[in-house]
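Engineer: Questions regarding the structure given below will be posed in turn.
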Amino acid sequence: MTVYLVGAGPGDPALLTMRGAEVLAGADVVVYDRLSVASLLELAPAEAERISVGKQPGGPRTSQEDINALLVARGRTGNQVVRLKGGDPFVFARGGEEAAALAAAGVSFEIVPGITSAIAVPAYAGIPVTMRYSSTSFTVVTGHEDPAKVEGSVNWEAVAALGGTVVVLMGAARCRTICDRLITAGLAPDTPAAAVQWGTRPNQRTLRATLATLAELDPQPPATIVFGEVAASDLAWFENRPLFGRRIVVTRAQPQASVLAGDLRRRGAEAIELPVISFQPPEDLDRLIRAAAEAGSYHWVVLTSPTGVARFFEHLRDARSLGGVKVAAIGPGTAAALAERNVVADLVPKQYVAESLLEAMPDGPGRVLIPRAETARDVLPEGLAAAGWDVDVVPAYRTVAPASDPAAAALLADAEVITFTSSSTVTNFLDSYGADAVPEVVATIGPITTATARNRGLQVVVEATEHTVDSLVAALEDFFTR
Ligand code: SAH
């Protein structure tokens with residue numbers, strides 16, 4: 001079948017093209033390099049074979065001939081093969097050689113262009129590669145060739161003479177020689193210069209200097225180096241986001257985790273998803289089924305989590321049975337889960353905890369159904385009973401801690417912040433990974449989670465003011481910008 005040479009972009013996974021995502025989703029085999037972003041590999045089906053051809057630290061590099069042969073061999077088997085390459089596959093990436101090998105072997109191939117680091121990395125550092133009038137061209141050159149060689153293949157004199165912006169890829173290791181060469185070739189030593197390391201990624205770092213001084217800052221690969229007037233511009237938008245570069249662990253369960261992780265990433269953080277909860281059916285599922293069947297016989301149904309809503313509605317055969325029933329939601333997340341099922345909550349308390357819900361509820365008599373997690377606090381049922389209600393607490397799901405994951409544990413070592421969005425995330429995390437694995441800054445969604453964390457010996461320094469993900473993110477932002 002077809003071999004796709006796909007440009008993965010410079011690092012930010014969101015810079016993959018739609019075509020790239022589409023062919024990855026149908027891949028049988030993905031051939032990738034060392035700098036490939038893990039989350040892009042996840043776009044391939046779980047059962048797809050993943051072959052690394054990158055140079056492992058300390059290990060050998062797969063030769064280009066071997067990569068070509070691999071692509072040809074896999075292409076002939078009828079597999080859909082995706083060759084994932086950094087940036088654009090035809091910009092200093094030997095995609096041309098791979099395509100030629102496929103063409104020579106009669107294997108069909110498609111090129112999926114990517115966003116090249118030559119343009120996107122400067123953009124993420126606030127550097128436009130052209131400017132009207134002042135920078136009317138940009139030249140992209142490889143820094144891989146030895147510029148000191150008399151017969152080097154880059155004509156540095158011509159590059160210097162052209163003026164405009166010069167973008168050097170693969171130039172970090174030879175930065176000093178390149179700068180010297182450009183000065184000898186006639187560029188002014190005080191020409192602005194910038195080296196952007198790990199561009200478009202959470203660990204992006206921009207070094208700014210001049211042609212004469214950049215090498216002193218010792219840029220490290222991977223770096224995109226820019227010379228020219230534009231290199232002085234700092235239209236910062238990426239590195240100055242409030243949580244830029246913070247490594248934050250998200251412990252909540254999927255699918256809610258991705259909402260929090262997405263919010264954090266939009267503010268520049270590197271979110272590490274480490275779900276410590278997964279949801280299972282309750283021990284006694286029949287009770288939930290029966291309660292859902294009799295839903296119409298209750299005066300109130302009280303829902304305390306989006307998962308509770310999901311499980312209850314799974315077993316609610318006919319939405320009309322809720323016609324005469326009032327519905328309470330403990331917070332906006334739960335209310336949103338109800339709204340998704342076209343039910344508008346009659347009551348959402350001011351604070352999103354059981355105590356506040358109790359205050360807001362009218363007194364009984366009547367019947368109240370609470371479908372919720374198998375283990376939960378007694379505050380709500382006891383309070384309602386005290387207010388004259390006849391309360392049925394029905395387990396709708398069980399939270400269990402997934403086995404601890406060694407790869408995740410390694411990521412934890414570099415994390416700066418951990419977020420806890422419920423008491424069970426605290427308990428499960430500590431049970432799986434231990435107190436020593438807790439990053440320096442502990443952030444919780446509210447006082448009850450904080451109390452659980454403190455009981456287990458943790459120091460909580462960030463707490464949301466409202467019991468919501470938005471408020472937790474705002475509290476973190478506040479903490480780090482203070
Ligand atoms: N085909 C790629 C370039 C491959 S050459 C593209 O179009 O972007 C590899 C060089 O690209 C690196 O040495 C570095 O100069 C640059 N590069 C790739 N990713 C980068 C990143 N995240 N930040 C800065 N430079 C990067």
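Residues are named by chain letter and number: chains run A, B, ... in the order of the structure tokens, numbers start at 1 in each chain, and ligands are numbered from 1 in the order shown.
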Give me, as JSON lines, the closest atom pair and its distance (Å, one decimal) for every residue of chain A within a cut-off of 7 Å of ligand 1, counting only C-alpha atoms and all ligand atoms, rows sorted by chain and rising number.
Structural biologist:
{"residue": "A:Gly9", "atom": "CA", "partner": "ligand 1", "partner_atom_place_in_ligand_line": "8 (O)", "distance": 6.5}
{"residue": "A:Pro10", "atom": "CA", "partner": "ligand 1", "partner_atom_place_in_ligand_line": "19 (N)", "distance": 4.5}
{"residue": "A:Gly11", "atom": "CA", "partner": "ligand 1", "partner_atom_place_in_ligand_line": "22 (N)", "distance": 5.1}
{"residue": "A:Lys85", "atom": "CA", "partner": "ligand 1", "partner_atom_place_in_ligand_line": "1 (N)", "distance": 6.6}
{"residue": "A:Gly86", "atom": "CA", "partner": "ligand 1", "partner_atom_place_in_ligand_line": "2 (C)", "distance": 4.9}
{"residue": "A:Gly87", "atom": "CA", "partner": "ligand 1", "partner_atom_place_in_ligand_line": "6 (C)", "distance": 3.3}
{"residue": "A:Asp88", "atom": "CA", "partner": "ligand 1", "partner_atom_place_in_ligand_line": "7 (O)", "distance": 3.8}
{"residue": "A:Pro89", "atom": "CA", "partner": "ligand 1", "partner_atom_place_in_ligand_line": "1 (N)", "distance": 5.2}
{"residue": "A:Phe90", "atom": "CA", "partner": "ligand 1", "partner_atom_place_in_ligand_line": "1 (N)", "distance": 6.3}
{"residue": "A:Val91", "atom": "CA", "partner": "ligand 1", "partner_atom_place_in_ligand_line": "1 (N)", "distance": 4.5}
{"residue": "A:Phe92", "atom": "CA", "partner": "ligand 1", "partner_atom_place_in_ligand_line": "4 (C)", "distance": 4.9}
{"residue": "A:Ala93", "atom": "CA", "partner": "ligand 1", "partner_atom_place_in_ligand_line": "1 (N)", "distance": 4.5}
{"residue": "A:Ile115", "atom": "CA", "partner": "ligand 1", "partner_atom_place_in_ligand_line": "7 (O)", "distance": 6.6}
{"residue": "A:Thr116", "atom": "CA", "partner": "ligand 1", "partner_atom_place_in_ligand_line": "7 (O)", "distance": 3.5}
{"residue": "A:Ser117", "atom": "CA", "partner": "ligand 1", "partner_atom_place_in_ligand_line": "8 (O)", "distance": 3.6}
{"residue": "A:Ala118", "atom": "CA", "partner": "ligand 1", "partner_atom_place_in_ligand_line": "8 (O)", "distance": 5.7}
{"residue": "A:Val121", "atom": "CA", "partner": "ligand 1", "partner_atom_place_in_ligand_line": "23 (N)", "distance": 5.8}
{"residue": "A:Val168", "atom": "CA", "partner": "ligand 1", "partner_atom_place_in_ligand_line": "15 (O)", "distance": 6.5}
{"residue": "A:Leu169", "atom": "CA", "partner": "ligand 1", "partner_atom_place_in_ligand_line": "15 (O)", "distance": 3.3}
{"residue": "A:Met170", "atom": "CA", "partner": "ligand 1", "partner_atom_place_in_ligand_line": "13 (O)", "distance": 3.2}
{"residue": "A:Gly171", "atom": "CA", "partner": "ligand 1", "partner_atom_place_in_ligand_line": "15 (O)", "distance": 6.0}
{"residue": "A:Val196", "atom": "CA", "partner": "ligand 1", "partner_atom_place_in_ligand_line": "24 (C)", "distance": 5.6}
{"residue": "A:Gln197", "atom": "CA", "partner": "ligand 1", "partner_atom_place_in_ligand_line": "24 (C)", "distance": 4.8}
{"residue": "A:Trp198", "atom": "CA", "partner": "ligand 1", "partner_atom_place_in_ligand_line": "23 (N)", "distance": 3.8}
{"residue": "A:Gly199", "atom": "CA", "partner": "ligand 1", "partner_atom_place_in_ligand_line": "23 (N)", "distance": 3.4}
{"residue": "A:Thr200", "atom": "CA", "partner": "ligand 1", "partner_atom_place_in_ligand_line": "22 (N)", "distance": 5.8}
{"residue": "A:Arg201", "atom": "CA", "partner": "ligand 1", "partner_atom_place_in_ligand_line": "22 (N)", "distance": 6.4}
{"residue": "A:Pro221", "atom": "CA", "partner": "ligand 1", "partner_atom_place_in_ligand_line": "13 (O)", "distance": 6.0}
{"residue": "A:Pro222", "atom": "CA", "partner": "ligand 1", "partner_atom_place_in_ligand_line": "14 (C)", "distance": 4.5}
{"residue": "A:Ala223", "atom": "CA", "partner": "ligand 1", "partner_atom_place_in_ligand_line": "25 (N)", "distance": 3.8}
{"residue": "A:Thr224", "atom": "CA", "partner": "ligand 1", "partner_atom_place_in_ligand_line": "25 (N)", "distance": 4.0}
Engineer: DSSP on the backbone: which residues in region 209-401 of chain A end up as strand (DSSP E or B)? Give the answer as a short mmCIF file (atom, residue, chain, number, x, y, z; two decimals) with all heavy atoms, in the first residue's frame.
Structural biologist:
data_model
loop_
_atom_site.label_atom_id
_atom_site.label_comp_id
_atom_site.auth_asym_id
_atom_site.auth_seq_id
_atom_site.Cartn_x
_atom_site.Cartn_y
_atom_site.Cartn_z
N ALA A 209 21.11 37.72 21.36
CA ALA A 209 22.44 38.33 21.40
C ALA A 209 22.68 39.01 20.05
O ALA A 209 21.71 39.42 19.39
CB ALA A 209 23.49 37.26 21.67
N THR A 210 23.96 39.09 19.66
CA THR A 210 24.30 39.59 18.33
C THR A 210 25.14 38.53 17.64
O THR A 210 25.54 37.54 18.26
CB THR A 210 25.14 40.88 18.42
OG1 THR A 210 26.38 40.55 19.06
CG2 THR A 210 24.43 41.98 19.20
N ALA A 223 18.12 23.64 18.07
CA ALA A 223 17.92 25.08 18.09
C ALA A 223 17.77 25.61 16.67
O ALA A 223 18.41 25.12 15.75
CB ALA A 223 19.09 25.78 18.78
N THR A 224 16.91 26.59 16.53
CA THR A 224 16.78 27.31 15.27
C THR A 224 17.43 28.67 15.52
O THR A 224 17.07 29.36 16.47
CB THR A 224 15.30 27.45 14.87
OG1 THR A 224 14.80 26.15 14.58
CG2 THR A 224 15.14 28.35 13.65
N ILE A 225 18.41 29.01 14.67
CA ILE A 225 19.16 30.25 14.88
C ILE A 225 18.73 31.27 13.83
O ILE A 225 18.57 30.93 12.65
CB ILE A 225 20.68 29.98 14.80
CG1 ILE A 225 21.05 28.96 15.90
CG2 ILE A 225 21.48 31.26 14.95
CD1 ILE A 225 22.51 28.54 15.90
N VAL A 226 18.49 32.49 14.27
CA VAL A 226 18.04 33.55 13.36
C VAL A 226 19.01 34.72 13.44
O VAL A 226 19.36 35.18 14.52
CB VAL A 226 16.63 34.05 13.76
CG1 VAL A 226 16.10 35.03 12.71
CG2 VAL A 226 15.66 32.89 13.94
N PHE A 227 19.48 35.19 12.27
CA PHE A 227 20.30 36.39 12.19
C PHE A 227 19.56 37.42 11.36
O PHE A 227 18.90 37.06 10.38
CB PHE A 227 21.64 36.09 11.50
CG PHE A 227 22.47 35.05 12.20
CD1 PHE A 227 22.70 33.82 11.59
CD2 PHE A 227 23.00 35.28 13.46
CE1 PHE A 227 23.48 32.85 12.23
CE2 PHE A 227 23.77 34.31 14.10
CZ PHE A 227 24.00 33.08 13.48
N ARG A 247 5.52 22.20 34.80
CA ARG A 247 5.14 20.80 34.59
C ARG A 247 4.13 20.40 35.66
O ARG A 247 4.47 20.35 36.84
CB ARG A 247 6.35 19.89 34.63
CG ARG A 247 7.35 20.23 33.54
CD ARG A 247 8.57 19.38 33.69
NE ARG A 247 8.21 17.98 33.50
CZ ARG A 247 8.68 17.23 32.51
NH1 ARG A 247 9.50 17.73 31.64
NH2 ARG A 247 8.32 15.98 32.39
N ILE A 248 2.90 20.18 35.23
CA ILE A 248 1.81 20.00 36.18
C ILE A 248 1.15 18.63 35.99
O ILE A 248 0.74 18.28 34.88
CB ILE A 248 0.75 21.12 36.01
CG1 ILE A 248 1.44 22.49 36.15
CG2 ILE A 248 -0.39 20.95 37.00
CD1 ILE A 248 0.52 23.68 35.97
N VAL A 249 1.06 17.89 37.08
CA VAL A 249 0.46 16.55 37.02
C VAL A 249 -1.05 16.65 37.22
O VAL A 249 -1.52 17.32 38.13
CB VAL A 249 1.06 15.64 38.11
CG1 VAL A 249 0.44 14.24 38.04
CG2 VAL A 249 2.58 15.56 37.97
N VAL A 250 -1.78 15.99 36.33
CA VAL A 250 -3.24 15.94 36.42
C VAL A 250 -3.62 14.52 36.83
O VAL A 250 -3.32 13.57 36.11
CB VAL A 250 -3.86 16.30 35.06
CG1 VAL A 250 -5.36 16.08 35.06
CG2 VAL A 250 -3.53 17.75 34.70
N GLU A 270 3.01 22.36 30.82
CA GLU A 270 3.14 21.01 30.30
C GLU A 270 2.32 20.12 31.23
O GLU A 270 2.68 19.93 32.39
CB GLU A 270 4.61 20.59 30.32
CG GLU A 270 4.81 19.21 29.79
CD GLU A 270 6.28 18.89 29.60
OE1 GLU A 270 7.13 19.73 29.95
OE2 GLU A 270 6.58 17.81 29.11
N ALA A 271 1.18 19.66 30.75
CA ALA A 271 0.31 18.86 31.61
C ALA A 271 0.66 17.39 31.46
O ALA A 271 0.74 16.87 30.36
CB ALA A 271 -1.15 19.10 31.24
N ILE A 272 0.90 16.74 32.60
CA ILE A 272 1.22 15.32 32.59
C ILE A 272 0.00 14.57 33.10
O ILE A 272 -0.39 14.73 34.26
CB ILE A 272 2.44 15.05 33.49
CG1 ILE A 272 3.63 15.87 32.99
CG2 ILE A 272 2.75 13.57 33.55
CD1 ILE A 272 4.77 15.96 33.98
N GLU A 273 -0.61 13.80 32.23
CA GLU A 273 -1.84 13.12 32.64
C GLU A 273 -1.50 11.79 33.30
O GLU A 273 -0.90 10.92 32.70
CB GLU A 273 -2.76 12.92 31.44
CG GLU A 273 -3.29 14.26 30.95
CD GLU A 273 -4.24 14.13 29.78
OE1 GLU A 273 -5.17 13.29 29.85
OE2 GLU A 273 -4.05 14.86 28.79
N SER A 278 -10.05 5.11 38.09
CA SER A 278 -10.87 4.72 36.95
C SER A 278 -12.22 4.27 37.51
O SER A 278 -12.32 3.93 38.69
CB SER A 278 -10.20 3.65 36.11
OG SER A 278 -10.13 2.47 36.83
N PHE A 279 -13.22 4.36 36.69
CA PHE A 279 -14.57 4.07 37.16
C PHE A 279 -15.00 2.68 36.74
O PHE A 279 -14.82 2.29 35.58
CB PHE A 279 -15.55 5.11 36.62
CG PHE A 279 -15.21 6.51 37.04
CD1 PHE A 279 -14.81 7.45 36.12
CD2 PHE A 279 -15.27 6.87 38.38
CE1 PHE A 279 -14.47 8.74 36.52
CE2 PHE A 279 -14.94 8.15 38.78
CZ PHE A 279 -14.55 9.10 37.85
N GLN A 280 -15.55 1.95 37.68
CA GLN A 280 -16.04 0.60 37.41
C GLN A 280 -17.50 0.54 37.82
O GLN A 280 -17.96 1.34 38.63
CB GLN A 280 -15.26 -0.43 38.25
CG GLN A 280 -13.76 -0.35 38.07
CD GLN A 280 -13.32 -1.06 36.81
OE1 GLN A 280 -13.87 -2.10 36.45
NE2 GLN A 280 -12.34 -0.50 36.12
N TRP A 300 -37.03 13.97 44.71
CA TRP A 300 -35.76 14.58 44.27
C TRP A 300 -34.78 13.49 43.84
O TRP A 300 -34.73 12.42 44.46
CB TRP A 300 -35.08 15.35 45.42
CG TRP A 300 -35.66 16.70 45.69
CD1 TRP A 300 -36.71 17.00 46.51
CD2 TRP A 300 -35.20 17.94 45.14
NE1 TRP A 300 -36.95 18.35 46.51
CE2 TRP A 300 -36.02 18.96 45.68
CE3 TRP A 300 -34.17 18.31 44.27
CZ2 TRP A 300 -35.85 20.30 45.37
CZ3 TRP A 300 -34.00 19.65 43.95
CH2 TRP A 300 -34.85 20.63 44.49
N VAL A 301 -34.01 13.79 42.81
CA VAL A 301 -32.82 12.99 42.53
C VAL A 301 -31.64 13.94 42.69
O VAL A 301 -31.63 15.03 42.11
CB VAL A 301 -32.83 12.40 41.10
CG1 VAL A 301 -31.50 11.66 40.82
CG2 VAL A 301 -34.01 11.44 40.92
N VAL A 302 -30.68 13.55 43.54
CA VAL A 302 -29.52 14.41 43.81
C VAL A 302 -28.28 13.77 43.18
O VAL A 302 -27.94 12.63 43.49
CB VAL A 302 -29.31 14.57 45.33
CG1 VAL A 302 -28.05 15.40 45.60
CG2 VAL A 302 -30.53 15.23 45.96
N LEU A 303 -27.65 14.53 42.29
CA LEU A 303 -26.48 14.00 41.60
C LEU A 303 -25.23 14.74 42.05
O LEU A 303 -25.24 15.96 42.18
CB LEU A 303 -26.67 14.09 40.09
CG LEU A 303 -27.77 13.08 39.69
CD1 LEU A 303 -28.56 13.54 38.51
CD2 LEU A 303 -27.17 11.70 39.47
N LYS A 326 -37.78 16.54 40.91
CA LYS A 326 -36.81 17.64 40.93
C LYS A 326 -35.40 17.07 40.93
O LYS A 326 -35.16 15.99 41.48
CB LYS A 326 -37.01 18.52 42.17
CG LYS A 326 -38.32 19.26 42.13
CD LYS A 326 -38.09 20.67 42.62
CE LYS A 326 -39.38 21.44 42.74
NZ LYS A 326 -39.69 22.22 41.54
N VAL A 327 -34.50 17.82 40.29
CA VAL A 327 -33.13 17.31 40.16
C VAL A 327 -32.16 18.34 40.73
O VAL A 327 -32.23 19.52 40.40
CB VAL A 327 -32.80 17.03 38.67
CG1 VAL A 327 -31.37 16.54 38.53
CG2 VAL A 327 -33.78 16.00 38.10
N ALA A 328 -31.27 17.87 41.60
CA ALA A 328 -30.23 18.75 42.15
C ALA A 328 -28.88 18.29 41.65
O ALA A 328 -28.63 17.10 41.50
CB ALA A 328 -30.27 18.71 43.68
N ALA A 329 -28.01 19.26 41.40
CA ALA A 329 -26.64 18.95 40.98
C ALA A 329 -25.70 19.64 41.95
O ALA A 329 -25.90 20.79 42.31
CB ALA A 329 -26.38 19.47 39.57
N LEU A 347 -31.69 22.74 41.09
CA LEU A 347 -30.94 23.33 42.20
C LEU A 347 -29.45 23.05 42.01
O LEU A 347 -29.05 21.91 41.80
CB LEU A 347 -31.46 22.72 43.50
CG LEU A 347 -31.00 23.30 44.84
CD1 LEU A 347 -32.01 22.94 45.91
CD2 LEU A 347 -29.63 22.85 45.24
N ARG A 367 -39.31 11.45 49.16
CA ARG A 367 -38.24 10.47 48.87
C ARG A 367 -37.14 11.12 48.03
O ARG A 367 -37.42 11.81 47.06
CB ARG A 367 -38.81 9.28 48.12
CG ARG A 367 -39.89 8.53 48.89
CD ARG A 367 -40.34 7.30 48.12
NE ARG A 367 -39.28 6.29 48.05
CZ ARG A 367 -39.10 5.47 47.04
NH1 ARG A 367 -39.89 5.55 45.97
NH2 ARG A 367 -38.13 4.57 47.07
N VAL A 368 -35.89 10.87 48.43
CA VAL A 368 -34.73 11.39 47.70
C VAL A 368 -33.85 10.23 47.25
O VAL A 368 -33.54 9.34 48.04
CB VAL A 368 -33.89 12.33 48.58
CG1 VAL A 368 -32.66 12.84 47.81
CG2 VAL A 368 -34.73 13.51 49.07
N LEU A 369 -33.49 10.28 45.98
CA LEU A 369 -32.56 9.27 45.45
C LEU A 369 -31.19 9.92 45.23
O LEU A 369 -31.10 10.99 44.62
CB LEU A 369 -33.10 8.73 44.11
CG LEU A 369 -32.15 7.80 43.33
CD1 LEU A 369 -31.88 6.52 44.10
CD2 LEU A 369 -32.73 7.50 41.94
N ILE A 370 -30.14 9.27 45.74
CA ILE A 370 -28.78 9.77 45.50
C ILE A 370 -27.95 8.66 44.82
O ILE A 370 -27.40 7.80 45.50
CB ILE A 370 -28.07 10.19 46.81
CG1 ILE A 370 -28.99 11.09 47.66
CG2 ILE A 370 -26.77 10.92 46.50
CD1 ILE A 370 -28.35 11.53 48.97
N PRO A 371 -27.88 8.70 43.49
CA PRO A 371 -27.00 7.74 42.83
C PRO A 371 -25.58 8.33 42.81
O PRO A 371 -25.38 9.40 42.25
CB PRO A 371 -27.56 7.64 41.39
CG PRO A 371 -28.64 8.69 41.29
CD PRO A 371 -28.59 9.55 42.51
N ARG A 372 -24.63 7.65 43.43
CA ARG A 372 -23.29 8.26 43.55
C ARG A 372 -22.22 7.19 43.71
O ARG A 372 -22.50 6.00 43.60
CB ARG A 372 -23.28 9.22 44.73
CG ARG A 372 -23.51 8.53 46.06
CD ARG A 372 -23.30 9.49 47.22
NE ARG A 372 -23.25 8.78 48.48
CZ ARG A 372 -23.02 9.34 49.64
NH1 ARG A 372 -22.83 10.64 49.70
NH2 ARG A 372 -22.99 8.63 50.74
N ALA A 373 -20.99 7.61 43.96
CA ALA A 373 -19.89 6.66 44.11
C ALA A 373 -20.15 5.71 45.28
O ALA A 373 -20.81 6.09 46.25
CB ALA A 373 -18.59 7.41 44.34
N ASP A 390 -36.72 10.82 53.21
CA ASP A 390 -36.50 9.38 53.18
C ASP A 390 -35.47 9.14 52.05
O ASP A 390 -35.78 9.33 50.89
CB ASP A 390 -37.86 8.74 52.87
CG ASP A 390 -37.76 7.23 52.78
OD1 ASP A 390 -36.69 6.68 53.08
OD2 ASP A 390 -38.79 6.63 52.38
N VAL A 391 -34.23 8.82 52.45
CA VAL A 391 -33.12 8.86 51.49
C VAL A 391 -32.70 7.47 51.01
O VAL A 391 -32.49 6.57 51.82
CB VAL A 391 -31.89 9.55 52.13
CG1 VAL A 391 -30.75 9.68 51.12
CG2 VAL A 391 -32.28 10.92 52.68
N ASP A 392 -32.60 7.30 49.70
CA ASP A 392 -32.02 6.08 49.13
C ASP A 392 -30.67 6.43 48.51
O ASP A 392 -30.61 7.14 47.50
CB ASP A 392 -32.90 5.52 48.01
CG ASP A 392 -34.02 4.67 48.55
OD1 ASP A 392 -33.95 4.29 49.74
OD2 ASP A 392 -34.97 4.38 47.78
N VAL A 393 -29.61 5.93 49.13
CA VAL A 393 -28.28 6.10 48.53
C VAL A 393 -28.00 4.85 47.69
O VAL A 393 -28.02 3.75 48.21
CB VAL A 393 -27.20 6.26 49.60
CG1 VAL A 393 -25.81 6.30 48.96
CG2 VAL A 393 -27.45 7.51 50.42
N VAL A 394 -27.81 5.05 46.39
CA VAL A 394 -27.61 3.90 45.51
C VAL A 394 -26.24 4.00 44.84
O VAL A 394 -25.96 4.98 44.14
CB VAL A 394 -28.72 3.84 44.43
CG1 VAL A 394 -28.46 2.71 43.45
CG2 VAL A 394 -30.07 3.70 45.09
N PRO A 395 -25.37 3.02 45.04
CA PRO A 395 -24.06 3.07 44.39
C PRO A 395 -24.22 3.02 42.86
O PRO A 395 -24.86 2.11 42.33
CB PRO A 395 -23.34 1.82 44.89
CG PRO A 395 -24.10 1.40 46.10
CD PRO A 395 -25.52 1.86 45.91
N ALA A 396 -23.66 4.01 42.19
CA ALA A 396 -23.76 4.06 40.73
C ALA A 396 -22.46 3.65 40.06
O ALA A 396 -22.43 3.29 38.90
CB ALA A 396 -24.16 5.47 40.28
N TYR A 397 -21.38 3.77 40.81
CA TYR A 397 -20.07 3.37 40.27
C TYR A 397 -19.09 3.21 41.42
O TYR A 397 -19.36 3.61 42.56
CB TYR A 397 -19.54 4.39 39.26
CG TYR A 397 -19.37 5.79 39.81
CD1 TYR A 397 -18.15 6.21 40.30
CD2 TYR A 397 -20.45 6.68 39.84
CE1 TYR A 397 -17.99 7.49 40.81
CE2 TYR A 397 -20.29 7.96 40.35
CZ TYR A 397 -19.06 8.36 40.83
OH TYR A 397 -18.91 9.63 41.34
N ARG A 398 -17.98 2.59 41.07
CA ARG A 398 -16.92 2.37 42.04
C ARG A 398 -15.68 3.05 41.49
O ARG A 398 -15.42 2.98 40.29
CB ARG A 398 -16.66 0.86 42.07
CG ARG A 398 -16.28 0.28 43.37
CD ARG A 398 -16.70 -1.21 43.43
NE ARG A 398 -16.56 -1.90 42.17
CZ ARG A 398 -15.53 -2.72 41.89
NH1 ARG A 398 -14.56 -2.91 42.74
NH2 ARG A 398 -15.49 -3.34 40.72
N THR A 399 -14.92 3.74 42.34
CA THR A 399 -13.66 4.28 41.84
C THR A 399 -12.56 3.33 42.26
O THR A 399 -12.51 2.89 43.40
CB THR A 399 -13.38 5.67 42.42
OG1 THR A 399 -13.27 5.54 43.83
CG2 THR A 399 -14.46 6.66 42.07
N VAL A 400 -11.70 2.99 41.31
CA VAL A 400 -10.58 2.13 41.65
C VAL A 400 -9.29 2.78 41.20
O VAL A 400 -9.27 3.57 40.24
CB VAL A 400 -10.71 0.72 41.02
CG1 VAL A 400 -11.92 -0.01 41.55
CG2 VAL A 400 -10.77 0.81 39.51
#
Engineer: To one decimal place in Å, what is the distance between CA of Glu283 (chain A) and CA of Ala401 (chain A)?
Structural biologist: 15.6 Å
Engineer: Fewer than 5 positions away in the same chain doesn't count, so skip those; otherwise give me all residues within 6 Å of Gly364 (chain A), counting only C-alpha atoms, as an MDAnalysis selection string.
Structural biologist: chainID A and resid 387:389
Engineer: Store the residues of this selection in a file with all heavy atoms, as a PDB file, in the first residue's frame.
Structural biologist:
ATOM      1  N   ALA A 387     -33.357  16.350  57.785  1.00  0.00           N
ATOM      2  CA  ALA A 387     -34.322  17.347  57.316  1.00  0.00           C
ATOM      3  C   ALA A 387     -35.657  16.704  56.937  1.00  0.00           C
ATOM      4  O   ALA A 387     -36.500  17.337  56.302  1.00  0.00           O
ATOM      5  CB  ALA A 387     -33.735  18.108  56.132  1.00  0.00           C
ATOM      6  N   GLY A 388     -35.828  15.444  57.285  1.00  0.00           N
ATOM      7  CA  GLY A 388     -37.136  14.816  57.124  1.00  0.00           C
ATOM      8  C   GLY A 388     -37.305  14.005  55.852  1.00  0.00           C
ATOM      9  O   GLY A 388     -38.399  13.538  55.546  1.00  0.00           O
ATOM     10  N   TRP A 389     -36.219  13.821  55.087  1.00  0.00           N
ATOM     11  CA  TRP A 389     -36.336  13.072  53.839  1.00  0.00           C
ATOM     12  C   TRP A 389     -36.089  11.583  54.067  1.00  0.00           C
ATOM     13  O   TRP A 389     -35.353  11.188  54.951  1.00  0.00           O
ATOM     14  CB  TRP A 389     -35.317  13.579  52.803  1.00  0.00           C
ATOM     15  CG  TRP A 389     -35.561  14.993  52.348  1.00  0.00           C
ATOM     16  CD1 TRP A 389     -34.886  16.094  52.739  1.00  0.00           C
ATOM     17  CD2 TRP A 389     -36.545  15.421  51.405  1.00  0.00           C
ATOM     18  NE1 TRP A 389     -35.372  17.211  52.103  1.00  0.00           N
ATOM     19  CE2 TRP A 389     -36.406  16.828  51.280  1.00  0.00           C
ATOM     20  CE3 TRP A 389     -37.547  14.775  50.669  1.00  0.00           C
ATOM     21  CZ2 TRP A 389     -37.214  17.593  50.438  1.00  0.00           C
ATOM     22  CZ3 TRP A 389     -38.346  15.529  49.830  1.00  0.00           C
ATOM     23  CH2 TRP A 389     -38.185  16.925  49.724  1.00  0.00           C
TER      24      TRP A 389
END
Engineer: So, with only C-alpha atoms as the atoms that count, which of A:Ser404, A:Asp234, A:Pro122, A:Thr450 lies closest to Gly434 (chain A)?
Structural biologist: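 Looking at the shortest contact to Gly434 (chain A), the residue is A:Ser404.
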Engineer: Step one, run DSSP on the backbone; step two, keep only residues of region 89-199 of chain A assigned to helix (DSSP H, G or I); then write them as a PyMOL selection string.
Structural biologist: chain A and resi 95-105+117-124+156-162+175-184
Engineer: Which residues come within 10 Å of Asp478 (chain A), counting only C-alpha atoms, excluding same-chain residues fewer than 3 positions away, as a short mmCIF file (atom, residue, chain, number, x, y, z; two decimals) with N, CA and C atoms, in the first residue's frame?
Structural biologist:
data_model
loop_
_atom_site.label_atom_id
_atom_site.label_comp_id
_atom_site.auth_asym_id
_atom_site.auth_seq_id
_atom_site.Cartn_x
_atom_site.Cartn_y
_atom_site.Cartn_z
N PRO A 242 0.91 32.54 31.32
CA PRO A 242 1.07 32.54 32.78
C PRO A 242 1.66 31.25 33.36
N LEU A 243 1.39 30.10 32.75
CA LEU A 243 1.90 28.85 33.32
C LEU A 243 3.00 28.26 32.44
N VAL A 462 -1.82 25.66 47.14
CA VAL A 462 -2.76 26.30 46.22
C VAL A 462 -4.12 25.61 46.40
N LEU A 472 -9.55 26.22 39.87
CA LEU A 472 -8.26 25.61 40.20
C LEU A 472 -7.17 26.16 39.28
N VAL A 473 -7.50 26.27 38.00
CA VAL A 473 -6.53 26.80 37.04
C VAL A 473 -6.22 28.26 37.37
N ALA A 474 -7.26 29.02 37.71
CA ALA A 474 -7.05 30.43 38.06
C ALA A 474 -6.17 30.55 39.30
N ALA A 475 -6.37 29.66 40.27
CA ALA A 475 -5.57 29.71 41.50
C ALA A 475 -4.10 29.41 41.20
N THR A 481 2.00 33.80 39.15
CA THR A 481 2.28 35.15 38.64
C THR A 481 2.47 36.13 39.81
N ARG A 482 2.18 35.64 41.01
CA ARG A 482 2.36 36.49 42.16
C ARG A 482 3.84 36.76 42.41
#
